[in-house]
Amino acid sequence: ANSLRPAYLGSFDWYVNYQTNLCVQDCDSGVTCGGIIEDSSTILHADANTCCNEKLRWLNEDACTSNSEAGSAATPTGNSEWYSAPNGVAKCVRNCATGGECGGILDATSSKATYADIADCCSAHFSHVDADLCAAISQLGYTDKWYVDYQNNRCQQDCVAASNSPCAGNPTDMSVTLYNDVDKCCAG
């Protein structure tokens, strides 16, 4: 028998798809649709942001939301924000193509937190490192501050290394105390 009742199109609320690490909508057609939910135990959310925040917490929330609303984990282009460098290196790098301050573009479903400000990145990930040193190393520079070189028993300056100069480059021990002047370094 023919029914005059319209076909169910879905609730258009959002649910998580763990295979793609995206939130999708309860509907059949459209770029953000993941299919109509048949399992009544599936938790639905009013919007993609809430779904991402509650179900995909390990992902960057903004990236999860924008990718979910776009309907796919879009090809990442980078946003030049800062994130902690891979491989345990105590510095922050930019989310952009490799080279200079860039550490590579994070995958769209990466769980790495990104920061608009380098100081926030350094503070969040490298609190044991002097904030100025973290920022300087991250930006491929120097602090011009002084530190004790215990191996050679003298104070050295964090500046471009040069012979017959107190400049010795960045300290190898990232937890070293930095001083604004040589006298404080020698007294320390």
# chains A, B, ... in the order shown; residues from 1 in each chain; ligands from 1

call {"tool": "residues_around", "arguments": {"residues": "Tyr115 (chain A)", "least_positions_apart": "6", "cutoff": "6 Å", "atoms": "only C-alpha atoms", "output": "ChimeraX atom specification"}}
result
/A:81-82,121

call {"tool": "write_last_selection", "arguments": {"atoms": "all heavy atoms", "output": "mmCIF file, in the first residue's frame"}}
result
data_model
loop_
_atom_site.group_PDB
_atom_site.id
_atom_site.type_symbol
_atom_site.label_atom_id
_atom_site.label_comp_id
_atom_site.auth_asym_id
_atom_site.auth_seq_id
_atom_site.Cartn_x
_atom_site.Cartn_y
_atom_site.Cartn_z
ATOM 1 N N GLU A 81 49.812 28.627 13.929
ATOM 2 C CA GLU A 81 49.816 28.659 15.388
ATOM 3 C C GLU A 81 50.959 27.771 15.876
ATOM 4 O O GLU A 81 51.558 27.016 15.124
ATOM 5 C CB GLU A 81 48.462 28.196 15.941
ATOM 6 C CG GLU A 81 47.371 29.221 15.691
ATOM 7 C CD GLU A 81 46.118 28.951 16.504
ATOM 8 O OE1 GLU A 81 45.975 27.856 17.081
ATOM 9 O OE2 GLU A 81 45.274 29.864 16.561
ATOM 10 N N TRP A 82 51.248 27.871 17.167
ATOM 11 C CA TRP A 82 52.372 27.151 17.775
ATOM 12 C C TRP A 82 51.901 25.845 18.402
ATOM 13 O O TRP A 82 50.809 25.773 18.954
ATOM 14 C CB TRP A 82 53.016 28.017 18.847
ATOM 15 C CG TRP A 82 53.604 29.283 18.312
ATOM 16 C CD1 TRP A 82 52.980 30.504 18.223
ATOM 17 C CD2 TRP A 82 54.912 29.466 17.769
ATOM 18 N NE1 TRP A 82 53.830 31.423 17.664
ATOM 19 C CE2 TRP A 82 55.032 30.823 17.370
ATOM 20 C CE3 TRP A 82 56.001 28.621 17.580
ATOM 21 C CZ2 TRP A 82 56.182 31.338 16.808
ATOM 22 C CZ3 TRP A 82 57.151 29.140 17.024
ATOM 23 C CH2 TRP A 82 57.238 30.487 16.644
ATOM 24 N N CYS A 121 52.278 28.456 24.435
ATOM 25 C CA CYS A 121 52.773 27.129 24.083
ATOM 26 C C CYS A 121 53.914 26.729 25.019
ATOM 27 O O CYS A 121 53.926 25.628 25.574
ATOM 28 C CB CYS A 121 53.237 27.108 22.629
ATOM 29 S SG CYS A 121 53.902 25.500 22.103
#

call {"tool": "residues_around", "arguments": {"residues": "region 134-140 of chain A", "least_positions_apart": "5", "cutoff": "12 Å", "atoms": "only C-alpha atoms", "output": "NGL selection string"}}
result
:A and (82-85 or 89-94 or 99-103 or 117-129 or 145 or 158-160 or 169-176 or 178)

call {"tool": "atom_distance", "arguments": {"atom1": "CA of Gly30 (chain A)", "atom2": "CA of Gly71 (chain A)"}}
result
8.4 Å

call {"tool": "residues_around", "arguments": {"residues": "region 58-60 of chain A", "least_positions_apart": "6", "cutoff": "7 Å", "atoms": "only C-alpha atoms", "output": "list in words"}}
result
Thr109, Ser110, Ser111, Lys112 and Ala113 of chain A

call {"tool": "write_last_selection", "arguments": {"atoms": "C-alpha atoms", "output": "CSV table (one decimal), in the first residue's frame"}}
result
chain,number,residue,atom,x,y,z
A,109,THR,CA,42.5,15.0,13.2
A,110,SER,CA,45.6,15.7,15.3
A,111,SER,CA,45.2,15.8,19.1
A,112,LYS,CA,48.0,18.4,19.5
A,113,ALA,CA,46.9,21.6,21.1

call {"tool": "select_by_dssp", "arguments": {"residues": "chain A", "states": "strand (DSSP E or B)", "output": "list of chain:residue names"}}
result
A:Trp14, A:Tyr15, A:Val16, A:Asn17, A:Leu22, A:Cys23, A:Val24, A:Gln25, A:Cys33, A:His45, A:Trp82, A:Tyr83, A:Ser84, A:Cys92, A:Val93, A:Arg94, A:Gly99, A:Cys102, A:Tyr115, A:Trp146, A:Tyr147, A:Val148, A:Asp149, A:Arg154, A:Cys155, A:Gln156, A:Gln157, A:Cys167, A:Tyr179

call {"tool": "residues_around", "arguments": {"residues": "Asp181 (chain A)", "least_positions_apart": "5", "cutoff": "10 Å", "atoms": "only C-alpha atoms", "output": "ChimeraX atom specification"}}
result
/A:144-147,155,157,186

call {"tool": "closest_residue", "arguments": {"among": "A:Leu56, A:Cys33, A:Leu106, A:Cys96", "to": "Glu69 (chain A)", "atoms": "only C-alpha atoms"}}
result
A:Cys33

call {"tool": "select_by_dssp", "arguments": {"residues": "region 94-140 of chain A", "states": "helix (DSSP H, G or I)", "output": "list in words"}}
result
Ile118, Ala119, Asp120, Cys121, Cys122, Ser123, Ala124, His125, Ala131, Asp132, Leu133, Cys134, Ala135, Ala136, Ile137 and Ser138 of chain A

call {"tool": "write_last_selection", "arguments": {"atoms": "N, CA and C atoms", "output": "PDB file, in the first residue's frame"}}
result
ATOM      1  N   ILE A 118      53.243  32.198  21.307  1.00  0.00           N
ATOM      2  CA  ILE A 118      54.351  31.302  21.641  1.00  0.00           C
ATOM      3  C   ILE A 118      54.530  31.157  23.156  1.00  0.00           C
ATOM      4  N   ALA A 119      54.284  32.230  23.901  1.00  0.00           N
ATOM      5  CA  ALA A 119      54.425  32.165  25.361  1.00  0.00           C
ATOM      6  C   ALA A 119      53.446  31.151  25.954  1.00  0.00           C
ATOM      7  N   ASP A 120      52.238  31.081  25.412  1.00  0.00           N
ATOM      8  CA  ASP A 120      51.250  30.109  25.905  1.00  0.00           C
ATOM      9  C   ASP A 120      51.700  28.683  25.613  1.00  0.00           C
ATOM     10  N   CYS A 121      52.278  28.456  24.435  1.00  0.00           N
ATOM     11  CA  CYS A 121      52.773  27.129  24.083  1.00  0.00           C
ATOM     12  C   CYS A 121      53.914  26.729  25.019  1.00  0.00           C
ATOM     13  N   CYS A 122      54.870  27.631  25.201  1.00  0.00           N
ATOM     14  CA  CYS A 122      56.011  27.338  26.082  1.00  0.00           C
ATOM     15  C   CYS A 122      55.548  27.067  27.511  1.00  0.00           C
ATOM     16  N   SER A 123      54.625  27.867  28.006  1.00  0.00           N
ATOM     17  CA  SER A 123      54.120  27.710  29.362  1.00  0.00           C
ATOM     18  C   SER A 123      53.374  26.385  29.538  1.00  0.00           C
ATOM     19  N   ALA A 124      52.590  26.013  28.546  1.00  0.00           N
ATOM     20  CA  ALA A 124      51.787  24.792  28.643  1.00  0.00           C
ATOM     21  C   ALA A 124      52.634  23.527  28.567  1.00  0.00           C
ATOM     22  N   HIS A 125      53.725  23.556  27.803  1.00  0.00           N
ATOM     23  CA  HIS A 125      54.481  22.325  27.558  1.00  0.00           C
ATOM     24  C   HIS A 125      55.880  22.286  28.156  1.00  0.00           C
ATOM     25  N   ALA A 131      61.109  30.874  30.123  1.00  0.00           N
ATOM     26  CA  ALA A 131      60.154  31.270  29.077  1.00  0.00           C
ATOM     27  C   ALA A 131      60.838  31.987  27.913  1.00  0.00           C
ATOM     28  N   ASP A 132      61.806  32.865  28.229  1.00  0.00           N
ATOM     29  CA  ASP A 132      62.519  33.577  27.167  1.00  0.00           C
ATOM     30  C   ASP A 132      63.368  32.610  26.328  1.00  0.00           C
ATOM     31  N   LEU A 133      63.963  31.609  26.989  1.00  0.00           N
ATOM     32  CA  LEU A 133      64.781  30.635  26.275  1.00  0.00           C
ATOM     33  C   LEU A 133      63.908  29.787  25.354  1.00  0.00           C
ATOM     34  N   CYS A 134      62.782  29.333  25.841  1.00  0.00           N
ATOM     35  CA  CYS A 134      61.873  28.542  25.011  1.00  0.00           C
ATOM     36  C   CYS A 134      61.453  29.346  23.778  1.00  0.00           C
ATOM     37  N   ALA A 135      61.059  30.596  23.991  1.00  0.00           N
ATOM     38  CA  ALA A 135      60.635  31.447  22.873  1.00  0.00           C
ATOM     39  C   ALA A 135      61.777  31.683  21.895  1.00  0.00           C
ATOM     40  N   ALA A 136      62.971  31.957  22.419  1.00  0.00           N
ATOM     41  CA  ALA A 136      64.121  32.228  21.549  1.00  0.00           C
ATOM     42  C   ALA A 136      64.491  31.012  20.712  1.00  0.00           C
ATOM     43  N   ILE A 137      64.578  29.850  21.345  1.00  0.00           N
ATOM     44  CA  ILE A 137      64.935  28.633  20.611  1.00  0.00           C
ATOM     45  C   ILE A 137      63.849  28.296  19.594  1.00  0.00           C
ATOM     46  N   SER A 138      62.612  28.485  19.970  1.00  0.00           N
ATOM     47  CA  SER A 138      61.500  28.209  19.057  1.00  0.00           C
ATOM     48  C   SER A 138      61.548  29.109  17.827  1.00  0.00           C
TER      49      SER A 138
END

call {"tool": "decode", "arguments": {"residues": "region 119-150 of chain A", "atoms": "N, CA, C and O atoms", "output": "JSON list (two decimals), in the first residue's frame"}}
result
[["chain", "number", "residue", "atom", "x", "y", "z"],
["A", 119, "ALA", "N", 54.28, 32.23, 23.90],
["A", 119, "ALA", "CA", 54.43, 32.17, 25.36],
["A", 119, "ALA", "C", 53.45, 31.15, 25.95],
["A", 119, "ALA", "O", 53.80, 30.42, 26.89],
["A", 120, "ASP", "N", 52.24, 31.08, 25.41],
["A", 120, "ASP", "CA", 51.25, 30.11, 25.90],
["A", 120, "ASP", "C", 51.70, 28.68, 25.61],
["A", 120, "ASP", "O", 51.54, 27.79, 26.44],
["A", 121, "CYS", "N", 52.28, 28.46, 24.44],
["A", 121, "CYS", "CA", 52.77, 27.13, 24.08],
["A", 121, "CYS", "C", 53.91, 26.73, 25.02],
["A", 121, "CYS", "O", 53.93, 25.63, 25.57],
["A", 122, "CYS", "N", 54.87, 27.63, 25.20],
["A", 122, "CYS", "CA", 56.01, 27.34, 26.08],
["A", 122, "CYS", "C", 55.55, 27.07, 27.51],
["A", 122, "CYS", "O", 56.01, 26.12, 28.15],
["A", 123, "SER", "N", 54.63, 27.87, 28.01],
["A", 123, "SER", "CA", 54.12, 27.71, 29.36],
["A", 123, "SER", "C", 53.37, 26.39, 29.54],
["A", 123, "SER", "O", 53.53, 25.70, 30.55],
["A", 124, "ALA", "N", 52.59, 26.01, 28.55],
["A", 124, "ALA", "CA", 51.79, 24.79, 28.64],
["A", 124, "ALA", "C", 52.63, 23.53, 28.57],
["A", 124, "ALA", "O", 52.31, 22.53, 29.21],
["A", 125, "HIS", "N", 53.72, 23.56, 27.80],
["A", 125, "HIS", "CA", 54.48, 22.32, 27.56],
["A", 125, "HIS", "C", 55.88, 22.29, 28.16],
["A", 125, "HIS", "O", 56.43, 21.21, 28.36],
["A", 126, "PHE", "N", 56.45, 23.46, 28.43],
["A", 126, "PHE", "CA", 57.85, 23.49, 28.88],
["A", 126, "PHE", "C", 58.03, 24.42, 30.06],
["A", 126, "PHE", "O", 58.89, 25.30, 30.06],
["A", 127, "SER", "N", 57.25, 24.21, 31.10],
["A", 127, "SER", "CA", 57.30, 25.08, 32.28],
["A", 127, "SER", "C", 58.66, 24.98, 32.99],
["A", 127, "SER", "O", 59.02, 25.88, 33.73],
["A", 128, "HIS", "N", 59.42, 23.92, 32.75],
["A", 128, "HIS", "CA", 60.75, 23.75, 33.37],
["A", 128, "HIS", "C", 61.83, 24.54, 32.64],
["A", 128, "HIS", "O", 62.95, 24.63, 33.10],
["A", 129, "VAL", "N", 61.48, 25.14, 31.50],
["A", 129, "VAL", "CA", 62.44, 25.91, 30.70],
["A", 129, "VAL", "C", 62.13, 27.39, 30.87],
["A", 129, "VAL", "O", 60.98, 27.79, 30.89],
["A", 130, "ASP", "N", 63.18, 28.21, 30.99],
["A", 130, "ASP", "CA", 63.00, 29.66, 31.05],
["A", 130, "ASP", "C", 62.13, 30.09, 29.87],
["A", 130, "ASP", "O", 62.40, 29.69, 28.72],
["A", 131, "ALA", "N", 61.11, 30.87, 30.12],
["A", 131, "ALA", "CA", 60.15, 31.27, 29.08],
["A", 131, "ALA", "C", 60.84, 31.99, 27.91],
["A", 131, "ALA", "O", 60.52, 31.75, 26.75],
["A", 132, "ASP", "N", 61.81, 32.87, 28.23],
["A", 132, "ASP", "CA", 62.52, 33.58, 27.17],
["A", 132, "ASP", "C", 63.37, 32.61, 26.33],
["A", 132, "ASP", "O", 63.47, 32.76, 25.11],
["A", 133, "LEU", "N", 63.96, 31.61, 26.99],
["A", 133, "LEU", "CA", 64.78, 30.63, 26.28],
["A", 133, "LEU", "C", 63.91, 29.79, 25.35],
["A", 133, "LEU", "O", 64.26, 29.56, 24.18],
["A", 134, "CYS", "N", 62.78, 29.33, 25.84],
["A", 134, "CYS", "CA", 61.87, 28.54, 25.01],
["A", 134, "CYS", "C", 61.45, 29.35, 23.78],
["A", 134, "CYS", "O", 61.51, 28.85, 22.65],
["A", 135, "ALA", "N", 61.06, 30.60, 23.99],
["A", 135, "ALA", "CA", 60.63, 31.45, 22.87],
["A", 135, "ALA", "C", 61.78, 31.68, 21.90],
["A", 135, "ALA", "O", 61.60, 31.61, 20.67],
["A", 136, "ALA", "N", 62.97, 31.96, 22.42],
["A", 136, "ALA", "CA", 64.12, 32.23, 21.55],
["A", 136, "ALA", "C", 64.49, 31.01, 20.71],
["A", 136, "ALA", "O", 64.69, 31.12, 19.50],
["A", 137, "ILE", "N", 64.58, 29.85, 21.34],
["A", 137, "ILE", "CA", 64.93, 28.63, 20.61],
["A", 137, "ILE", "C", 63.85, 28.30, 19.59],
["A", 137, "ILE", "O", 64.14, 27.89, 18.46],
["A", 138, "SER", "N", 62.61, 28.49, 19.97],
["A", 138, "SER", "CA", 61.50, 28.21, 19.06],
["A", 138, "SER", "C", 61.55, 29.11, 17.83],
["A", 138, "SER", "O", 61.16, 28.71, 16.74],
["A", 139, "GLN", "N", 62.04, 30.33, 18.02],
["A", 139, "GLN", "CA", 62.10, 31.28, 16.91],
["A", 139, "GLN", "C", 63.51, 31.35, 16.30],
["A", 139, "GLN", "O", 63.84, 32.29, 15.60],
["A", 140, "LEU", "N", 64.30, 30.29, 16.58],
["A", 140, "LEU", "CA", 65.64, 30.15, 16.02],
["A", 140, "LEU", "C", 66.55, 31.31, 16.39],
["A", 140, "LEU", "O", 67.39, 31.76, 15.60],
["A", 141, "GLY", "N", 66.39, 31.81, 17.62],
["A", 141, "GLY", "CA", 67.18, 32.94, 18.07],
["A", 141, "GLY", "C", 67.84, 32.71, 19.41],
["A", 141, "GLY", "O", 68.02, 31.58, 19.85],
["A", 142, "TYR", "N", 68.17, 33.82, 20.06],
["A", 142, "TYR", "CA", 68.91, 33.80, 21.33],
["A", 142, "TYR", "C", 68.29, 34.81, 22.28],
["A", 142, "TYR", "O", 67.63, 35.75, 21.87],
["A", 143, "THR", "N", 68.56, 34.63, 23.58],
["A", 143, "THR", "CA", 68.02, 35.53, 24.61],
["A", 143, "THR", "C", 68.98, 36.65, 24.96],
["A", 143, "THR", "O", 68.56, 37.64, 25.56],
["A", 144, "ASP", "N", 70.26, 36.49, 24.66],
["A", 144, "ASP", "CA", 71.33, 37.39, 25.08],
["A", 144, "ASP", "C", 71.53, 37.38, 26.60],
["A", 144, "ASP", "O", 72.21, 38.23, 27.14],
["A", 145, "LYS", "N", 70.93, 36.42, 27.27],
["A", 145, "LYS", "CA", 71.12, 36.27, 28.72],
["A", 145, "LYS", "C", 72.33, 35.38, 28.99],
["A", 145, "LYS", "O", 72.90, 34.79, 28.07],
["A", 146, "TRP", "N", 72.70, 35.31, 30.27],
["A", 146, "TRP", "CA", 73.89, 34.55, 30.70],
["A", 146, "TRP", "C", 73.48, 33.29, 31.45],
["A", 146, "TRP", "O", 72.46, 33.26, 32.13],
["A", 147, "TYR", "N", 74.30, 32.24, 31.32],
["A", 147, "TYR", "CA", 74.06, 30.99, 32.03],
["A", 147, "TYR", "C", 75.40, 30.38, 32.43],
["A", 147, "TYR", "O", 76.44, 30.67, 31.84],
["A", 148, "VAL", "N", 75.36, 29.53, 33.47],
["A", 148, "VAL", "CA", 76.58, 28.87, 33.94],
["A", 148, "VAL", "C", 76.82, 27.63, 33.10],
["A", 148, "VAL", "O", 75.94, 26.78, 32.95],
["A", 149, "ASP", "N", 78.02, 27.56, 32.55],
["A", 149, "ASP", "CA", 78.48, 26.37, 31.84],
["A", 149, "ASP", "C", 79.29, 25.58, 32.86],
["A", 149, "ASP", "O", 80.47, 25.86, 33.09],
["A", 150, "TYR", "N", 78.66, 24.62, 33.51],
["A", 150, "TYR", "CA", 79.30, 23.88, 34.60],
["A", 150, "TYR", "C", 80.45, 23.00, 34.11],
["A", 150, "TYR", "O", 81.40, 22.74, 34.84]]
